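In what follows, a single structure is set out as structure tokens and then discussed.
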Amino acid sequence: MPALLEIRGLSAGLQGRRSVTQVVSNVDLDVQPGEILGVVGESGCGKSTLATAIMRLLVPPQVLQSGSMTLRLNEGSSYDLIKLSESELRELRWRHLSYIPQGSMNSLNPVLRVERQMTDTLIQHGLSDKEARSRSAAALELVNLEPKILYSYPHELSGGMRQRVIIAAAVSMHPTLIVADELTTALDVVTQRQILQELIGIRDELGATIILITHDMGVVAQIADRVAVMYAGKIAELGTVNGIFETPLHPYSQGLIGSIPRESGQRVEGLPGEAPSPWNYPTGCRFHPRCPKVFDHCRAQTPALQAQESDRWAACHLYDTEVAADV
Amino acid sequence: MTPAPASLAAEPSAAPARRDVFLYVLRRFGVYLFTLWAAITVAFFIFRLVPGDPMNILLGNLTRVEGRQRDAEAQEAIIAHYRQIFGMDEPLPLQYVNYLRKAVLGGLDLGPSFVEYPAQTKDLVFRRMPWTIGIFTTSVLLAWLVGTGLGALIGWLQRSRLSQLAVVISTLLQITPVYLVALGLIIYVGYTWRILPAGGPYARHLQPEWTWEFISSLLTHAILPMLSNMIVIGAGFTLGMRALMISVLGEDYLTFARAKGLTPFTVLKDYAFRNALIPQVTALAIIVGATLNGTFIIEVLFQLPGLGTLFVQAMGLRDFNTMQAVVLFSIFAVLTLTLIVDLALPLLDPRIRRTA
């Protein structure tokens, strides 16, 4: 089955006075139709930049440097998102490509009623006023909200309700791909769990594909099918949730999984050091200063993301047969 | 409050919302009345602190006109006579009570004026008022409209060279005192290049009447005074609106609006402009108060027979009645405009309806 979204060599960064500081470096990623792909990593590892780059929502000083992002829709058409003009993007957005932003608590305009904010897009995409309203009401029901919420202003709703309104808005046109950036971060665990359940429901009911950006391994474990672990602007490891949680290959993934509390009484193993900022990414493997299994080769050579076993990719010299043979 | 009839129960949210609005209006009106009282009280006492007894000034003028000095007894008699006419023979607290009584119950009757004795101050103010209102209101409103539109545009296009240039120009204009702008316009446009008339309310040979000649003369004479006011105030409004737009453009809901695939025009209109407009309307209310004195200076510079010129004349004579009338009127106008703006805000911002 061809990937729904095929990202190749995607780089994005921050435009400085003289040069561009690369935040996301040369990312390759395939998103399969119907899956929930979790993208995890520490703060500042470039996961939100990746999400905004996929949505083509980068604003200066953020710049898209290179790469391609091929979106294949079921009707057979395919687009390179990077090459699309603003008006072509507008056509694609919401109909096929939806976004649940980071900080979605503030993503509703405080002076417009929910109805206006949900229907304006639908009307823009060619629906009649009546259709737009019934679609919006139906979308609200998908996330367990009453349709009368439509007549509320955002400040009259609780945080969880606002988050659900955003999700409802994002799915109201039954999009093919939804990019959700930290959608449960500001919520308490109970609400978080409910919303994640609703998200799974949406995937099953609408057949949507979801890219879920989060720093929370727990969230990923709960709902994702596959995980991409990001470190310092690169993908360190990619695989199924079960695979990565049971046998993480990359030392960084091992560290992340090791830092999840499992049994009471057991001490949690933390990762030493701090994640580097884009202004001083280390040479070679960007994880090498913190890596417990570092060897000479890591400091000089950047490892490529290579297939390891079925449905598993890792960017680490430990699994590089030629390099490993030298050691 | 009477209990709501049963028919209202079907629509539970409407009744409390209406009550909220009612309470908001009531509270705002209370604040308005209190401020009005406080301001006219301050106005009463502050002029009496200005050095110089109006009677001495009056007597001095009289002596100059008649060309001879009267004896002390006659002077005393004249002063006593005038003091009684102007109600200044009473002790200060009683004067204050009389002043309040006349202002509120007597229909703004503040007695005769010195400047054009025996004309009543009330008539004087009403005769001069249209000039001030005409120049002031029109120029502030035009400046607000132009400034808001321009500010929204240069905020939206914040990265373009042209809009950065506009910021520099607006900043320069905004910090220029209004009288310098007015003088510049008078000197260059009015006298050096002789493009527009720069003095007087209308051409000297005309009489006020409903003819095209008079009206066009009136309008061309109004251009420069209004322009001086507009340039300075408008530059301020432009900068204010630009800053508001830029901060709104950074909001999460703007990114979301773009992600929804709305056209830039819709994003600008419904998400950026609408939200930036709320503080901009408040700014209008604040500026209204702050720029009335600028208008008074402009009137003097352009020799317009408005309240500003009247006030300057009255100040020279320590004409308390007239000064009070002008100030009373200005306070009333500013506070009323502020009230209107405040009452209009809930229409723009649903959050104020609840919290205020």
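Here, A, B, ... name the chains of the structure tokens in the order displayed, residue numbers run from 1 inside each chain, and ligands are numbered from 1 in the same displayed order.
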Exercise for the section: Give me every helix (DSSP H, G or I) residue in range 4-179 of chain B, going by DSSP on the backbone, as a PyMOL selection string. Expected result: chain B and resi 6-10+14-48+54-66+72-85+92-104+121-156+161-175+178-179
Write a file of the just-selected residues containing C-alpha atoms, as a compact mmCIF listing (two decimals), in the first residue's frame.
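Writing the result to selection18.txt gives the following:
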# COMPACT_ATOMS: atom_id res chain seq x y z
CA ALA B 6 -43.34 31.13 32.39
CA SER B 7 -42.94 31.67 28.66
CA LEU B 8 -39.41 32.93 29.20
CA ALA B 9 -38.35 29.72 30.88
CA ALA B 10 -38.03 28.06 27.51
CA ALA B 14 -31.71 35.22 27.22
CA ALA B 15 -33.09 36.70 30.45
CA PRO B 16 -29.87 36.77 32.51
CA ALA B 17 -27.94 38.07 29.53
CA ARG B 18 -30.36 40.94 29.16
CA ARG B 19 -30.13 41.66 32.88
CA ASP B 20 -26.33 41.70 32.65
CA VAL B 21 -26.47 44.24 29.87
CA PHE B 22 -28.96 46.34 31.85
CA LEU B 23 -26.74 46.29 34.94
CA TYR B 24 -23.70 47.18 32.86
CA VAL B 25 -25.46 50.18 31.35
CA LEU B 26 -26.76 51.27 34.75
CA ARG B 27 -23.35 51.02 36.42
CA ARG B 28 -21.65 52.80 33.55
CA PHE B 29 -24.21 55.60 33.75
CA GLY B 30 -23.61 55.98 37.49
CA VAL B 31 -19.88 56.33 36.86
CA TYR B 32 -20.67 58.91 34.19
CA LEU B 33 -22.74 61.09 36.54
CA PHE B 34 -20.16 60.91 39.31
CA THR B 35 -17.29 61.85 36.98
CA LEU B 36 -19.33 64.73 35.61
CA TRP B 37 -19.93 66.08 39.11
CA ALA B 38 -16.32 65.67 40.15
CA ALA B 39 -15.04 67.40 37.02
CA ILE B 40 -17.29 70.44 37.25
CA THR B 41 -16.40 70.81 40.92
CA VAL B 42 -12.70 70.82 40.12
CA ALA B 43 -13.39 73.29 37.32
CA PHE B 44 -15.15 75.63 39.74
CA PHE B 45 -12.34 75.79 42.28
CA ILE B 46 -9.33 75.68 39.99
CA PHE B 47 -10.17 78.93 38.18
CA ARG B 48 -10.51 80.74 41.46
CA PRO B 54 -11.45 89.87 37.71
CA MET B 55 -12.78 93.09 39.22
CA ASN B 56 -9.38 94.79 39.09
CA ILE B 57 -8.91 93.72 35.49
CA LEU B 58 -12.38 95.03 34.66
CA LEU B 59 -11.71 98.29 36.39
CA GLY B 60 -8.37 98.63 34.68
CA ASN B 61 -10.02 98.22 31.29
CA LEU B 62 -12.71 100.73 32.23
CA THR B 63 -10.09 103.27 33.26
CA ARG B 64 -8.23 102.81 30.02
CA VAL B 65 -11.39 103.27 27.95
CA GLU B 66 -12.53 106.34 29.82
CA ALA B 72 -11.65 105.29 45.46
CA GLU B 73 -15.25 105.49 46.62
CA ALA B 74 -16.64 105.34 43.12
CA GLN B 75 -14.35 102.39 42.36
CA GLU B 76 -15.65 100.55 45.39
CA ALA B 77 -19.24 101.19 44.32
CA ILE B 78 -18.61 99.90 40.79
CA ILE B 79 -16.87 96.79 42.06
CA ALA B 80 -19.66 96.08 44.55
CA HIS B 81 -22.22 96.47 41.79
CA TYR B 82 -20.48 94.05 39.48
CA ARG B 83 -19.75 91.59 42.25
CA GLN B 84 -23.44 91.41 42.91
CA ILE B 85 -24.32 90.93 39.23
CA LEU B 92 -17.09 80.75 48.19
CA PRO B 93 -19.06 77.68 49.41
CA LEU B 94 -22.34 79.48 48.69
CA GLN B 95 -21.03 80.48 45.25
CA TYR B 96 -20.30 76.83 44.62
CA VAL B 97 -23.80 75.75 45.62
CA ASN B 98 -25.32 78.48 43.45
CA TYR B 99 -23.10 77.44 40.59
CA LEU B 100 -24.18 73.80 40.87
CA ARG B 101 -27.83 74.80 41.22
CA LYS B 102 -27.72 77.04 38.17
CA ALA B 103 -25.74 74.53 36.12
CA VAL B 104 -28.01 71.59 36.85
CA THR B 121 -22.48 82.94 28.89
CA LYS B 122 -24.92 80.26 27.84
CA ASP B 123 -25.77 82.06 24.59
CA LEU B 124 -22.11 82.77 24.01
CA VAL B 125 -21.19 79.10 24.38
CA PHE B 126 -24.02 77.92 22.19
CA ARG B 127 -23.04 80.44 19.51
CA ARG B 128 -19.37 79.29 19.50
CA MET B 129 -20.03 75.59 20.00
CA PRO B 130 -20.82 74.57 16.38
CA TRP B 131 -17.32 75.63 15.28
CA THR B 132 -15.60 73.53 17.87
CA ILE B 133 -17.85 70.53 17.45
CA GLY B 134 -17.60 70.76 13.69
CA ILE B 135 -13.81 70.89 13.60
CA PHE B 136 -13.14 68.61 16.53
CA THR B 137 -15.60 65.78 16.03
CA THR B 138 -15.12 65.60 12.30
CA SER B 139 -11.35 65.63 12.45
CA VAL B 140 -11.10 63.09 15.30
CA LEU B 141 -13.55 60.71 13.65
CA LEU B 142 -11.87 61.04 10.25
CA ALA B 143 -8.46 60.59 11.87
CA TRP B 144 -9.74 57.48 13.62
CA LEU B 145 -11.18 55.99 10.46
CA VAL B 146 -8.11 56.71 8.37
CA GLY B 147 -5.69 55.75 11.14
CA THR B 148 -7.47 52.50 11.92
CA GLY B 149 -7.60 51.47 8.29
CA LEU B 150 -4.03 52.45 7.58
CA GLY B 151 -2.75 50.91 10.81
CA ALA B 152 -4.53 47.63 10.08
CA LEU B 153 -2.98 47.57 6.63
CA ILE B 154 0.60 48.30 7.68
CA GLY B 155 0.24 45.87 10.57
CA TRP B 156 -0.97 43.17 8.21
CA ARG B 161 9.43 48.02 3.12
CA LEU B 162 6.58 50.44 2.49
CA SER B 163 4.92 49.62 5.76
CA GLN B 164 8.18 50.06 7.67
CA LEU B 165 8.55 53.47 6.06
CA ALA B 166 4.98 54.29 7.08
CA VAL B 167 5.87 53.50 10.69
CA VAL B 168 8.79 55.93 10.67
CA ILE B 169 6.67 58.69 9.14
CA SER B 170 3.79 58.12 11.55
CA THR B 171 6.13 58.16 14.52
CA LEU B 172 7.59 61.50 13.43
CA LEU B 173 4.16 62.99 12.88
CA GLN B 174 2.81 61.68 16.13
CA ILE B 175 5.50 63.29 18.26
CA VAL B 178 -0.18 69.93 16.96
CA TYR B 179 0.57 73.68 16.96
Practice task
Fewer than 4 positions away in the same chain doesn't count, so skip those; otherwise give me all residues within 12 Å of Ser19 in chain A, counting only C-alpha atoms, as number ranges by chain.
Solution key: A: 13-15, 61, 63, 65, 279
Handout entry: Asp252 in chain B surroundings by only C-alpha atoms, 10 Å radius, close-in-sequence under 2 positions cut, as a list of chain:residue names
Key =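 Residues near the query, excluding close chain neighbours: A:Pro101, A:Gln102, A:Gly103, A:Ser104, A:Met105, A:Asn106, A:Ser107, A:Leu108, A:Asn109, B:Val248, B:Leu249, B:Gly250, B:Leu254, B:Thr255, B:Phe256, B:Ala257.
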Practice task
Up to 10 Å from chain A, what residues of chain B turn up? Count only C-alpha atoms and give them as a ChimeraX atom specification.
Solution key: /B:159,250-264,266,270-272,274-275,278,347-351,354
Got time to write the residues from that selection, N, CA and C atoms, as a JSON list (two decimals), in the first residue's frame?
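The result, written out as result.json:
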[["chain", "number", "residue", "atom", "x", "y", "z"],
["B", 159, "ARG", "N", 5.94, 43.21, 7.17],
["B", 159, "ARG", "CA", 7.30, 42.94, 6.70],
["B", 159, "ARG", "C", 7.67, 43.71, 5.44],
["B", 250, "GLY", "N", -0.08, 37.40, 16.06],
["B", 250, "GLY", "CA", 0.70, 36.36, 16.71],
["B", 250, "GLY", "C", -0.16, 35.38, 17.50],
["B", 251, "GLU", "N", -1.47, 35.63, 17.57],
["B", 251, "GLU", "CA", -2.34, 34.78, 18.38],
["B", 251, "GLU", "C", -2.53, 33.42, 17.74],
["B", 252, "ASP", "N", -2.77, 32.41, 18.61],
["B", 252, "ASP", "CA", -2.99, 31.06, 18.11],
["B", 252, "ASP", "C", -4.21, 30.98, 17.18],
["B", 253, "TYR", "N", -5.24, 31.77, 17.49],
["B", 253, "TYR", "CA", -6.44, 31.64, 16.67],
["B", 253, "TYR", "C", -6.24, 32.13, 15.25],
["B", 254, "LEU", "N", -5.18, 32.93, 15.06],
["B", 254, "LEU", "CA", -4.89, 33.36, 13.71],
["B", 254, "LEU", "C", -4.25, 32.25, 12.88],
["B", 255, "THR", "N", -3.33, 31.53, 13.51],
["B", 255, "THR", "CA", -2.73, 30.38, 12.85],
["B", 255, "THR", "C", -3.82, 29.37, 12.50],
["B", 256, "PHE", "N", -4.72, 29.16, 13.46],
["B", 256, "PHE", "CA", -5.80, 28.19, 13.23],
["B", 256, "PHE", "C", -6.69, 28.65, 12.08],
["B", 257, "ALA", "N", -6.97, 29.95, 12.04],
["B", 257, "ALA", "CA", -7.80, 30.46, 10.95],
["B", 257, "ALA", "C", -7.13, 30.23, 9.60],
["B", 258, "ARG", "N", -5.81, 30.39, 9.57],
["B", 258, "ARG", "CA", -5.10, 30.14, 8.31],
["B", 258, "ARG", "C", -5.14, 28.65, 7.98],
["B", 259, "ALA", "N", -4.97, 27.82, 9.02],
["B", 259, "ALA", "CA", -4.98, 26.36, 8.81],
["B", 259, "ALA", "C", -6.31, 25.89, 8.27],
["B", 260, "LYS", "N", -7.38, 26.65, 8.58],
["B", 260, "LYS", "CA", -8.70, 26.24, 8.14],
["B", 260, "LYS", "C", -8.91, 26.45, 6.65],
["B", 261, "GLY", "N", -7.97, 27.13, 6.01],
["B", 261, "GLY", "CA", -8.10, 27.35, 4.58],
["B", 261, "GLY", "C", -8.98, 28.54, 4.25],
["B", 262, "LEU", "N", -9.09, 29.50, 5.18],
["B", 262, "LEU", "CA", -9.86, 30.71, 4.89],
["B", 262, "LEU", "C", -9.02, 31.62, 4.00],
["B", 263, "THR", "N", -9.69, 32.44, 3.21],
["B", 263, "THR", "CA", -8.94, 33.37, 2.37],
["B", 263, "THR", "C", -8.29, 34.43, 3.25],
["B", 264, "PRO", "N", -7.17, 35.00, 2.79],
["B", 264, "PRO", "CA", -6.52, 36.04, 3.60],
["B", 264, "PRO", "C", -7.48, 37.16, 3.96],
["B", 266, "THR", "N", -10.75, 36.98, 4.57],
["B", 266, "THR", "CA", -11.60, 36.57, 5.69],
["B", 266, "THR", "C", -10.80, 36.56, 6.99],
["B", 270, "ASP", "N", -12.33, 38.90, 9.80],
["B", 270, "ASP", "CA", -13.04, 38.32, 10.94],
["B", 270, "ASP", "C", -12.14, 37.96, 12.11],
["B", 271, "TYR", "N", -10.86, 37.72, 11.85],
["B", 271, "TYR", "CA", -10.01, 37.23, 12.93],
["B", 271, "TYR", "C", -9.01, 38.27, 13.41],
["B", 272, "ALA", "N", -8.46, 39.06, 12.51],
["B", 272, "ALA", "CA", -7.43, 40.01, 12.94],
["B", 272, "ALA", "C", -8.04, 41.38, 13.22],
["B", 274, "ARG", "N", -11.17, 42.55, 13.47],
["B", 274, "ARG", "CA", -12.25, 42.59, 14.45],
["B", 274, "ARG", "C", -11.71, 42.58, 15.88],
["B", 275, "ASN", "N", -10.68, 41.76, 16.12],
["B", 275, "ASN", "CA", -10.13, 41.66, 17.46],
["B", 275, "ASN", "C", -9.28, 42.86, 17.83],
["B", 278, "ILE", "N", -11.18, 46.25, 19.13],
["B", 278, "ILE", "CA", -11.75, 46.48, 20.46],
["B", 278, "ILE", "C", -10.92, 47.49, 21.26],
["B", 347, "LEU", "N", -20.91, 45.50, 22.28],
["B", 347, "LEU", "CA", -21.36, 45.02, 20.98],
["B", 347, "LEU", "C", -20.22, 44.33, 20.25],
["B", 348, "LEU", "N", -18.99, 44.82, 20.49],
["B", 348, "LEU", "CA", -17.83, 44.26, 19.80],
["B", 348, "LEU", "C", -17.25, 43.08, 20.55],
["B", 349, "ASP", "N", -17.22, 43.16, 21.88],
["B", 349, "ASP", "CA", -16.54, 42.14, 22.66],
["B", 349, "ASP", "C", -17.52, 41.43, 23.59],
["B", 350, "PRO", "N", -17.86, 40.19, 23.29],
["B", 350, "PRO", "CA", -18.83, 39.47, 24.11],
["B", 350, "PRO", "C", -18.34, 39.26, 25.54],
["B", 351, "ARG", "N", -17.02, 39.29, 25.76],
["B", 351, "ARG", "CA", -16.51, 39.02, 27.10],
["B", 351, "ARG", "C", -16.87, 40.13, 28.06],
["B", 354, "ARG", "N", -20.28, 40.03, 30.07],
["B", 354, "ARG", "CA", -20.39, 39.23, 31.29],
["B", 354, "ARG", "C", -19.64, 39.84, 32.44]]
Handout entry: Surrounding residues of Gly308 in chain B excluding itself and chain neighbours under 4 positions, 8 Å, only C-alpha atoms, as a list in words
Key =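 The residues satisfying every condition are Thr132, Asn293, Thr295, Phe296, Ile297, Glu299, Val300 and Val312 of chain B.
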Exercise for the section: May I have the residues within 9 Å of Ala275 in chain A as number ranges by chain, using only C-alpha atoms and disregarding those fewer than 5 positions away in the same chain? Expected result: A: 42-45, 231-232, 287, 290
Deliver the residues from the most recent selection as a file, using N, CA and C atoms, as an mmCIF file, in the first residue's frame.
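File selection39.cif, as written:
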data_model
loop_
_atom_site.group_PDB
_atom_site.id
_atom_site.type_symbol
_atom_site.label_atom_id
_atom_site.label_comp_id
_atom_site.auth_asym_id
_atom_site.auth_seq_id
_atom_site.Cartn_x
_atom_site.Cartn_y
_atom_site.Cartn_z
ATOM 1 N N GLU A 42 11.695 15.368 22.983
ATOM 2 C CA GLU A 42 11.742 16.381 24.023
ATOM 3 C C GLU A 42 11.364 17.740 23.450
ATOM 4 N N SER A 43 11.130 18.695 24.346
ATOM 5 C CA SER A 43 10.867 20.066 23.899
ATOM 6 C C SER A 43 12.042 20.556 23.068
ATOM 7 N N GLY A 44 11.737 21.215 21.976
ATOM 8 C CA GLY A 44 12.801 21.794 21.163
ATOM 9 C C GLY A 44 13.449 20.817 20.205
ATOM 10 N N CYS A 45 12.872 19.614 20.064
ATOM 11 C CA CYS A 45 13.501 18.658 19.156
ATOM 12 C C CYS A 45 13.013 18.850 17.725
ATOM 13 N N TYR A 231 14.880 13.266 17.714
ATOM 14 C CA TYR A 231 15.897 13.840 18.589
ATOM 15 C C TYR A 231 16.675 14.882 17.797
ATOM 16 N N ALA A 232 16.748 16.070 18.325
ATOM 17 C CA ALA A 232 17.534 17.153 17.736
ATOM 18 C C ALA A 232 17.277 17.304 16.234
ATOM 19 N N PHE A 287 23.160 12.608 19.010
ATOM 20 C CA PHE A 287 22.913 12.105 20.358
ATOM 21 C C PHE A 287 24.209 11.719 21.059
ATOM 22 N N ARG A 290 25.346 12.356 24.802
ATOM 23 C CA ARG A 290 24.551 11.796 25.899
ATOM 24 C C ARG A 290 24.464 10.274 25.822
#
Handout entry: Spatial neighbours of range 215-221 of chain A, 12 Å, only C-alpha atoms, chain gap at least 5 places, as a PyMOL selection string
Key = chain A and resi 36-48+102+181-186+189+192-197+199-200+210+226-231+240-246+253+255-262
Problem - Of the listed residues A:Ile223, A:Leu271, A:Ala139, A:Ile235, that which approaches Arg8 in chain A most closely, counting only C-alpha atoms - result: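 Looking only at the distances to Arg8 in chain A, the closest residue turns out to be A:Ile235.
CA of Gly9 in chain A is positioned 10.4 Å from CA of Lys234 in chain A.
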Handout entry: Between CA of Pro303 in chain A and CA of Glu269 in chain A - distance in Å to one decimal
Key =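 Calculated distance between CA of Glu269 in chain A and CA of Pro303 in chain A is 25.3 Å.
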Fill in the blank from the handout: Counting only C-alpha atoms, the residue among A:Gly239, A:Glu115, A:Glu141, A:Phe295 that lies closest to Glu198 in chain A is A:Glu141
